[in-house]
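For reference, run.cif is printed below; it contains mmCIF, C-alpha atoms.
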data_protein
#
loop_
_atom_site.label_atom_id
_atom_site.label_comp_id
_atom_site.auth_asym_id
_atom_site.auth_seq_id
_atom_site.Cartn_x
_atom_site.Cartn_y
_atom_site.Cartn_z
CA MET A 259 -42.52 -14.08 -3.99
CA THR A 260 -43.78 -10.55 -4.61
CA ILE A 261 -46.13 -8.37 -2.60
CA GLU A 262 -48.92 -9.29 -5.03
CA ASN A 263 -48.50 -13.03 -4.27
CA VAL A 264 -48.58 -12.52 -0.52
CA LEU A 265 -51.60 -10.20 -0.66
CA LEU A 266 -53.44 -12.75 -2.83
CA VAL A 267 -52.85 -15.44 -0.19
CA SER A 268 -54.13 -13.00 2.42
CA ALA A 269 -57.23 -12.19 0.35
CA ALA A 270 -57.91 -15.90 -0.30
CA LEU A 271 -57.68 -16.74 3.42
CA PHE A 272 -60.04 -13.86 4.23
CA ALA A 273 -62.53 -15.01 1.56
CA ILE A 274 -62.45 -18.62 2.84
CA GLY A 275 -63.18 -17.23 6.31
CA VAL A 276 -66.12 -15.20 4.99
CA TYR A 277 -67.55 -18.31 3.32
CA GLY A 278 -67.23 -20.25 6.59
CA VAL A 279 -68.91 -17.53 8.65
CA VAL A 280 -71.89 -17.28 6.28
CA SER A 281 -72.38 -20.94 5.38
CA ARG A 282 -71.83 -22.86 8.64
CA ARG A 283 -74.54 -23.43 11.20
CA SER A 284 -72.53 -24.46 14.25
CA LEU A 285 -71.32 -21.48 16.28
CA ILE A 286 -67.97 -23.22 16.91
CA THR A 287 -67.16 -23.45 13.19
CA VAL A 288 -68.27 -19.83 12.76
CA ILE A 289 -65.72 -18.77 15.41
CA MET A 290 -63.04 -20.88 13.69
CA SER A 291 -63.77 -19.10 10.39
CA LEU A 292 -63.57 -15.72 12.17
CA GLU A 293 -60.05 -16.64 13.34
CA LEU A 294 -59.13 -17.47 9.73
CA MET A 295 -60.28 -13.96 8.69
CA PHE A 296 -58.13 -12.41 11.45
CA ASN A 297 -55.11 -14.32 10.11
CA GLY A 298 -55.75 -13.13 6.56
CA VAL A 299 -55.68 -9.50 7.68
CA VAL A 300 -52.49 -9.94 9.71
CA ILE A 301 -50.68 -11.54 6.74
CA ALA A 302 -51.44 -8.37 4.75
CA ALA A 303 -50.00 -6.16 7.52
CA VAL A 304 -46.76 -8.18 7.67
CA ALA A 305 -46.51 -8.18 3.86
CA PHE A 306 -46.74 -4.38 3.72
CA SER A 307 -44.04 -4.19 6.37
CA ARG A 308 -41.80 -6.52 4.36
CA PHE A 309 -42.23 -5.11 0.85
CA THR A 310 -43.06 -1.40 1.03
CA PRO A 311 -40.71 1.28 2.42
CA ALA A 312 -41.60 3.27 5.51
CA ALA A 313 -42.36 6.93 4.78
CA ALA A 314 -39.71 8.08 7.26
CA LEU A 315 -37.00 6.38 5.18
CA LEU A 316 -37.84 8.08 1.86
CA GLY A 317 -37.34 11.74 2.78
CA ASP A 318 -34.11 13.68 3.15
CA ASP A 319 -34.36 13.86 6.92
CA PRO A 320 -31.35 12.65 8.90
CA LEU A 321 -31.55 8.94 9.62
CA THR A 322 -32.69 8.02 13.13
CA ALA A 323 -33.29 4.75 14.91
CA GLU A 324 -37.01 5.65 15.08
CA ALA A 325 -37.10 5.88 11.28
CA ILE A 326 -35.53 2.42 10.90
CA ARG A 327 -37.89 0.94 13.48
CA SER A 328 -40.92 2.50 11.79
CA ALA A 329 -40.32 -0.04 8.98
CA LEU A 330 -41.51 -2.67 11.49
CA THR A 331 -44.84 -1.04 12.37
CA GLY A 332 -46.63 -3.90 10.59
CA HIS A 333 -45.07 -6.38 13.04
CA ALA A 334 -46.33 -4.39 16.03
CA PHE A 335 -49.75 -4.25 14.39
CA ALA A 336 -49.70 -8.04 13.93
CA ILE A 337 -48.90 -8.63 17.60
CA PHE A 338 -51.72 -6.33 18.77
CA VAL A 339 -54.25 -8.01 16.47
CA THR A 340 -53.12 -11.44 17.73
CA ALA A 341 -53.64 -10.34 21.35
CA VAL A 342 -57.12 -8.97 20.59
CA ALA A 343 -58.02 -12.17 18.69
CA ALA A 344 -56.97 -14.30 21.66
CA GLY A 345 -59.21 -12.30 24.02
CA GLU A 346 -62.03 -12.45 21.49
CA ALA A 347 -61.78 -16.24 21.15
CA ALA A 348 -61.95 -16.72 24.93
CA LEU A 349 -65.02 -14.47 25.25
CA ALA A 350 -66.72 -16.04 22.23
CA PHE A 351 -66.41 -19.54 23.73
CA ALA A 352 -67.75 -18.27 27.07
CA LEU A 353 -70.79 -17.00 25.15
CA VAL A 354 -71.16 -20.34 23.33
CA PHE A 355 -71.08 -22.23 26.65
CA ALA A 356 -73.62 -19.83 28.18
CA MET A 357 -75.91 -20.42 25.20
CA TYR A 358 -75.37 -24.20 25.33
CA ARG A 359 -76.38 -24.28 29.00
CA GLY A 360 -79.58 -22.40 28.26
CA THR A 361 -80.70 -24.01 25.00
CA GLU A 362 -78.75 -27.32 24.80
CA SER A 363 -77.71 -26.29 21.29
CA VAL A 364 -74.86 -24.48 19.59
CA GLU A 365 -76.63 -23.90 16.28
CA ILE A 366 -76.86 -20.36 15.01
CA THR A 367 -80.56 -20.68 14.20
CA ASP A 368 -81.29 -21.35 17.88
CA ALA A 369 -79.28 -18.30 18.93
CA ALA A 370 -82.27 -16.06 18.21
CA GLU A 371 -83.63 -17.25 21.57
CA MET A 372 -80.95 -15.21 23.29
CA LYS A 373 -83.07 -12.17 22.49
CA ASN A 374 -85.67 -13.22 25.08
CA MET B 1485 -32.29 -4.77 -6.68
CA MET B 1486 -34.44 -6.75 -4.37
CA GLU B 1487 -33.95 -10.45 -4.93
CA VAL B 1488 -35.68 -13.33 -3.25
CA SER B 1489 -33.89 -16.67 -3.23
CA THR B 1490 -35.41 -19.74 -4.86
CA LEU B 1491 -35.55 -21.57 -1.54
CA THR B 1492 -37.56 -18.72 0.00
CA THR B 1493 -39.96 -18.79 -2.94
CA VAL B 1494 -40.46 -22.57 -2.63
CA ALA B 1495 -41.04 -22.20 1.13
CA PHE B 1496 -43.54 -19.42 0.44
CA TYR B 1497 -45.59 -21.52 -1.97
CA LEU B 1498 -45.53 -24.56 0.33
CA ALA B 1499 -46.64 -22.49 3.34
CA SER B 1500 -49.37 -20.82 1.27
CA ALA B 1501 -50.68 -24.16 0.00
CA MET B 1502 -50.67 -25.53 3.57
CA THR B 1503 -52.53 -22.47 4.91
CA LEU B 1504 -55.21 -22.34 2.22
CA GLY B 1505 -55.64 -26.13 1.99
CA PHE B 1506 -56.25 -26.58 5.70
CA ALA B 1507 -58.47 -23.47 5.74
CA ALA B 1508 -60.64 -25.05 3.01
CA ILE B 1509 -60.94 -28.20 5.15
CA VAL B 1510 -62.02 -26.06 8.15
CA VAL B 1511 -64.98 -24.55 6.30
CA THR B 1512 -66.10 -27.73 4.49
CA GLN B 1513 -65.51 -30.52 7.04
CA ARG B 1514 -68.70 -31.62 8.84
CA ASP B 1515 -66.84 -33.24 11.74
CA VAL B 1516 -66.12 -30.29 14.05
CA PHE B 1517 -63.19 -32.02 15.77
CA ARG B 1518 -61.46 -32.60 12.43
CA ALA B 1519 -62.13 -28.98 11.55
CA ALA B 1520 -60.38 -27.94 14.77
CA ILE B 1521 -57.32 -30.04 13.89
CA ALA B 1522 -57.26 -28.58 10.36
CA LEU B 1523 -57.48 -25.10 11.90
CA ALA B 1524 -54.30 -25.79 13.88
CA GLY B 1525 -52.61 -26.83 10.60
CA SER B 1526 -53.75 -23.64 8.90
CA PHE B 1527 -52.42 -21.51 11.79
CA LEU B 1528 -49.08 -23.34 11.56
CA GLY B 1529 -48.93 -22.56 7.83
CA VAL B 1530 -49.50 -18.88 8.57
CA GLY B 1531 -46.69 -19.03 11.16
CA ILE B 1532 -44.29 -20.45 8.54
CA LEU B 1533 -45.42 -17.69 6.17
CA TYR B 1534 -44.35 -15.09 8.76
CA PHE B 1535 -40.90 -16.67 8.98
CA VAL B 1536 -40.64 -16.55 5.18
CA LEU B 1537 -41.58 -12.84 5.33
CA SER B 1538 -38.68 -12.35 7.83
CA ALA B 1539 -41.06 -11.55 10.69
CA GLU B 1540 -39.58 -14.08 13.12
CA PHE B 1541 -41.07 -12.62 16.29
CA VAL B 1542 -44.59 -12.48 14.81
CA GLY B 1543 -44.12 -16.08 13.63
CA VAL B 1544 -43.20 -17.29 17.11
CA VAL B 1545 -46.14 -15.36 18.63
CA GLN B 1546 -48.44 -16.90 16.01
CA ILE B 1547 -47.33 -20.44 16.87
CA LEU B 1548 -47.49 -19.83 20.66
CA VAL B 1549 -50.86 -18.06 20.72
CA TYR B 1550 -52.77 -19.63 17.81
CA VAL B 1551 -51.37 -23.15 17.47
CA GLY B 1552 -50.63 -23.50 21.19
CA ALA B 1553 -53.53 -21.75 22.89
CA ILE B 1554 -56.47 -21.00 20.62
CA SER B 1555 -56.44 -24.43 18.93
CA VAL B 1556 -56.41 -26.14 22.33
CA LEU B 1557 -59.31 -23.89 23.40
CA MET B 1558 -61.21 -24.98 20.27
CA ALA B 1559 -60.51 -28.67 20.98
CA PHE B 1560 -61.75 -28.25 24.58
CA ALA B 1561 -64.89 -26.49 23.36
CA VAL B 1562 -65.62 -29.34 20.95
CA MET B 1563 -65.12 -31.93 23.68
CA PHE B 1564 -67.25 -30.05 26.24
CA ILE B 1565 -70.26 -29.80 23.98
CA GLN B 1566 -71.41 -33.39 23.67
CA ASP B 1567 -74.00 -33.30 20.90
CA ILE B 1568 -71.42 -31.92 18.50
CA ALA B 1569 -71.23 -35.45 17.07
CA SER B 1570 -74.17 -34.51 14.85
CA GLY B 1571 -71.67 -32.35 13.00
CA SER B 1572 -71.72 -28.83 11.68
CA ARG B 1573 -74.44 -28.80 9.06
CA PRO B 1574 -74.25 -26.13 6.37
CA ALA B 1575 -76.85 -23.39 6.64
CA GLN B 1576 -79.26 -22.46 3.86
CA GLY B 1577 -77.06 -19.52 2.89
CA ARG B 1578 -74.39 -21.75 1.39
CA LEU B 1579 -74.62 -20.42 -2.16
CA ILE B 1580 -74.91 -16.84 -0.97
CA GLY B 1581 -71.84 -17.41 1.21
CA ALA B 1582 -69.83 -18.76 -1.72
CA ALA B 1583 -70.95 -15.83 -3.91
CA VAL B 1584 -70.01 -13.26 -1.25
CA ALA B 1585 -66.62 -14.91 -0.69
CA VAL B 1586 -65.82 -15.00 -4.42
CA LEU B 1587 -66.90 -11.36 -4.81
CA ILE B 1588 -64.71 -10.23 -1.90
CA PHE B 1589 -61.73 -12.17 -3.25
CA ALA B 1590 -62.25 -10.78 -6.76
CA ALA B 1591 -62.46 -7.21 -5.46
CA LEU B 1592 -59.31 -7.62 -3.37
CA ALA B 1593 -57.38 -9.29 -6.22
CA PHE B 1594 -58.46 -6.54 -8.63
CA THR B 1595 -57.20 -3.90 -6.18
CA VAL B 1596 -53.93 -5.73 -5.58
CA TYR B 1597 -53.12 -5.94 -9.29
CA ASN B 1598 -54.25 -2.41 -10.13
CA THR B 1599 -52.22 -0.69 -7.45
CA THR B 1600 -48.68 0.52 -8.07
CA TRP B 1601 -46.90 -0.65 -4.96
CA SER B 1602 -43.91 1.32 -3.81
CA SER B 1603 -40.77 -0.79 -3.59
CA MET B 1604 -37.99 -1.11 -1.02
CA ASP B 1605 -35.64 -0.12 -3.87
CA GLU B 1606 -36.88 3.47 -3.49
CA ILE B 1607 -34.78 3.78 -0.34
CA THR B 1608 -31.61 5.37 -1.70
CA ASP B 1609 -29.63 6.10 1.47
CA PRO B 1610 -27.03 3.24 1.64
CA VAL B 1611 -26.78 3.55 5.43
CA ALA B 1612 -30.56 3.14 5.68
CA VAL B 1613 -30.45 0.07 3.42
CA ALA B 1614 -27.61 -1.51 5.40
CA ALA B 1615 -29.29 -0.72 8.72
CA LEU B 1616 -32.54 -2.23 7.46
CA THR B 1617 -31.08 -5.43 6.10
CA GLU B 1618 -28.17 -6.09 8.47
CA GLY B 1619 -29.23 -4.44 11.73
CA PHE B 1620 -27.88 -1.27 13.31
CA VAL B 1621 -26.47 0.28 16.47
CA GLU B 1622 -27.06 3.74 17.91
CA VAL B 1623 -23.94 5.85 18.37
CA GLY B 1624 -23.41 9.19 20.05
CA THR B 1625 -25.31 10.83 22.91
CA GLY B 1626 -28.13 13.30 23.36
CA ASP B 1627 -28.74 15.47 20.31
CA ASP B 1628 -25.88 13.89 18.38
CA LEU B 1629 -27.56 10.49 18.37
CA THR B 1630 -27.10 8.81 15.02
CA ILE B 1631 -27.07 5.25 13.78
CA ALA B 1632 -24.47 3.01 12.23
CA PRO B 1633 -25.13 -0.27 10.43
CA LEU B 1634 -23.72 -3.39 12.03
CA GLY B 1635 -20.50 -4.75 10.56
CA PHE B 1636 -19.61 -1.65 8.54
CA ALA B 1637 -17.11 0.60 10.31
CA ASP B 1638 -16.67 2.92 7.35
CA PRO B 1639 -19.94 4.01 5.66
CA ASP B 1640 -18.06 4.54 2.38
CA GLU B 1641 -17.38 0.81 2.10
CA LEU B 1642 -21.07 -0.07 2.11
CA VAL B 1643 -22.08 -2.43 -0.66
CA VAL B 1644 -25.45 -3.82 0.27
CA GLU B 1645 -28.39 -5.37 -1.48
CA ASN B 1646 -31.82 -4.26 -0.40
CA GLY B 1647 -33.45 -7.44 0.85
CA GLY B 1648 -36.32 -5.82 2.72
CA VAL B 1649 -36.76 -5.42 6.44
CA LEU B 1650 -34.35 -6.42 9.17
CA VAL B 1651 -32.80 -9.85 8.98
CA ASP B 1652 -32.92 -9.94 12.78
CA SER B 1653 -36.04 -7.94 13.49
CA THR B 1654 -36.85 -9.24 16.97
CA PRO B 1655 -34.86 -6.69 19.08
CA ALA B 1656 -36.21 -3.79 17.01
CA VAL B 1657 -39.81 -5.04 17.41
CA GLY B 1658 -39.29 -5.26 21.17
CA VAL B 1659 -38.02 -1.68 21.34
CA LEU B 1660 -40.87 -0.54 19.06
CA LEU B 1661 -43.46 -2.10 21.38
CA ILE B 1662 -42.18 -0.51 24.57
CA ARG B 1663 -41.33 2.92 23.11
CA GLU B 1664 -43.54 4.04 20.25
CA TYR B 1665 -46.49 1.81 21.17
CA MET B 1666 -46.18 1.88 24.96
CA LEU B 1667 -49.78 3.08 25.54
CA ALA B 1668 -51.30 0.53 23.15
CA PHE B 1669 -49.19 -2.18 24.82
CA GLU B 1670 -50.58 -1.27 28.27
CA ILE B 1671 -54.16 -1.10 26.98
CA ILE B 1672 -53.79 -4.58 25.45
CA GLY B 1673 -52.89 -5.87 28.93
CA LEU B 1674 -56.01 -4.21 30.35
CA LEU B 1675 -58.12 -5.69 27.53
CA LEU B 1676 -56.85 -9.22 28.22
CA VAL B 1677 -57.67 -8.89 31.96
CA ALA B 1678 -61.15 -7.61 31.07
CA ALA B 1679 -61.64 -10.54 28.65
CA LEU B 1680 -60.49 -13.00 31.35
CA ILE B 1681 -62.88 -11.62 34.00
CA GLY B 1682 -65.73 -11.31 31.49
CA GLY B 1683 -65.23 -14.90 30.35
CA LEU B 1684 -65.27 -16.18 33.94
CA LEU B 1685 -68.45 -14.18 34.72
CA MET B 1686 -70.28 -15.55 31.68
CA MET B 1687 -69.16 -19.13 32.36
CA ARG B 1688 -70.56 -19.10 35.92
CA ASP B 1689 -73.75 -21.06 36.45
CA PRO B 1690 -76.41 -18.47 37.44
CA SER B 1691 -78.52 -21.13 39.23
CA ASN B 1692 -75.69 -21.80 41.66
CA LYS B 1693 -76.56 -19.10 44.24
CA ASP B 1694 -74.16 -20.53 46.79
CA GLU B 1695 -71.20 -19.80 44.54
CA ILE B 1696 -72.24 -16.17 44.02
CA GLU B 1697 -72.72 -15.43 47.74
CA THR B 1698 -69.48 -16.96 48.93
CA GLY B 1699 -67.44 -15.69 46.03
CA GLY B 1700 -66.81 -19.15 44.62
CA ALA B 1701 -65.58 -20.71 47.88
CA SER B 1702 -68.24 -23.42 48.08
CA VAL B 1703 -68.25 -25.38 51.31
#
Would you give me this structure, written as structure tokens?
Amino acid sequence: MTIENVLLVSAALFAIGVYGVVSRRSLITVIMSLELMFNGVVIAAVAFSRFTPAAALLGDDPLTAEAIRSALTGHAFAIFVTAVAAGEAALAFALVFAMYRGTESVEITDAAEMKN
Amino acid sequence: MMEVSTLTTVAFYLASAMTLGFAAIVVTQRDVFRAAIALAGSFLGVGILYFVLSAEFVGVVQILVYVGAISVLMAFAVMFIQDIASGSRPAQGRLIGAAVAVLIFAALAFTVYNTTWSSMDEITDPVAVAALTEGFVEVGTGDDLTIAPLGFADPDELVVENGGVLVDSTPAVGVLLIREYMLAFEIIGLLLVAALIGGLLMMRDPSNKDEIETGGASV
């Protein structure tokens, strides 16, 4: 397990998500693929936190608790992205339901009617 | 030298296979309900991956939020929308989608392998290494505040292997969130309330005038 392996998994998950977003017609599967892309990005953030040293730990400055904690910035980033993704999923499904009530369809090709 | 045990490596490959396998089912399965179940499996694999990367708190959050909440939301959405039985048909852009995905993956893989990543071994301070891998306590007061690694009374006796970030990272992540990232933490709370209210507003039936006038308290 090296940083290259973990980043490859992250890139593969992101690419699978991109394929799903472009190739699926149902809005629900598109949202599922979006969540996969979110997960791919967060894996990369955690991998950087795990395998690369924080800048504050490489200099000659005296060691502080802040410097040690800055090695975990990737974890904080992951938690913030997860919170935003949860809010996004809730709003996205509200939009899908609003569209379904108006057009009786959840297909992306029918979503153009939302313009009117 | 930074060593990773064989067990960790096996767990990493299993979790990766689980994540990517279920993700492939999500984007190819026509039955949307099965895709939702596969999505939960993929999220669980990512959660295991976080544990393998010694990010325990992120792993627990992943399982609580994604496997526990978002997957259930997806399942409810599939059940609410009745004509989903027709399945999720692929759009015309299937080949283009595959080409774009392969291109993105190739570009990312090329970058990953052509970058010289800095290594945890570059941290030379033994106290820093011990504090990172074993945990640490703060000693002293005011301006004399310094840190000492857990379990090592005398810094000269330190013999530690650099295994990466904290073995027990959860307390440090908690402190990080409410000190360095306090403002972002508060704004996330505001964002979630806004998303909640926005979702409720959009879900409301606009033809139901009675509900709007009485604020939802229909008689």
Check: If we count all atoms listed in the file, what is near Gln1576 in chain B at a cut-off of 12 Å, once residues fewer than 3 positions away on the same chain are taken out, given as a list in words?
Finding: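 Listing them by chain and then by number gives Val280, Ser281, Arg282, Arg283, Ile366 and Thr367 of chain A; Arg1573, Leu1579, Ile1580, Gly1581 and Ala1582 of chain B.
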Notebook entry, point to check: Which residue out of A:Gly345, A:Gly317, A:Val339, A:Leu292 has the minimum interatomic distance to chain B when only C-alpha atoms are used?
Noted result: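 When distances to chain B are compared using only C-alpha atoms, the smallest one comes from A:Gly345.
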Next item on the list: Mind giving me the straight-line distance from CA of Val354 in chain A to CA of Leu1557 in chain B in Å, one decimal?
Entry: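 Separating CA of Val354 in chain A from CA of Leu1557 in chain B is a distance of 12.4 Å.
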Go through chain A residue by residue and, counting only C-alpha atoms, keep those with an atom at most 6 Å from chain B; for each kept residue give the shortest atom pair and its distance in Å to one decimal, ordered by chain and increasing number, as a tab-separated table.
residue	atom	partner	partner_atom	distance
A:Met259	CA	B:Thr1493	CA	5.5
A:Ala269	CA	B:Phe1589	CA	5.8
A:Ala273	CA	B:Ala1585	CA	4.7
A:Val276	CA	B:Ala1585	CA	5.7
A:Tyr277	CA	B:Gly1581	CA	4.9
A:Gly278	CA	B:Val1511	CA	4.9
A:Val280	CA	B:Gly1581	CA	5.1
A:Ser281	CA	B:Arg1578	CA	4.5
A:Arg282	CA	B:Pro1574	CA	4.7
A:Arg283	CA	B:Ala1575	CA	5.1
A:Ser284	CA	B:Ser1572	CA	5.1
A:Arg308	CA	B:Val1649	CA	5.6
A:Thr310	CA	B:Ser1603	CA	5.2
A:Pro311	CA	B:Met1604	CA	5.0
A:Leu316	CA	B:Ile1607	CA	5.7
A:Thr322	CA	B:Thr1630	CA	6.0
A:Gly345	CA	B:Ala1679	CA	5.5
A:Leu349	CA	B:Gly1683	CA	5.1
A:Ala352	CA	B:Gly1683	CA	5.3
Next item on the list: Measure the distance from CA of Arg359 in chain A to CA of Arg1518 in chain B in Å and round it to one decimal.
Entry: 23.8 Å
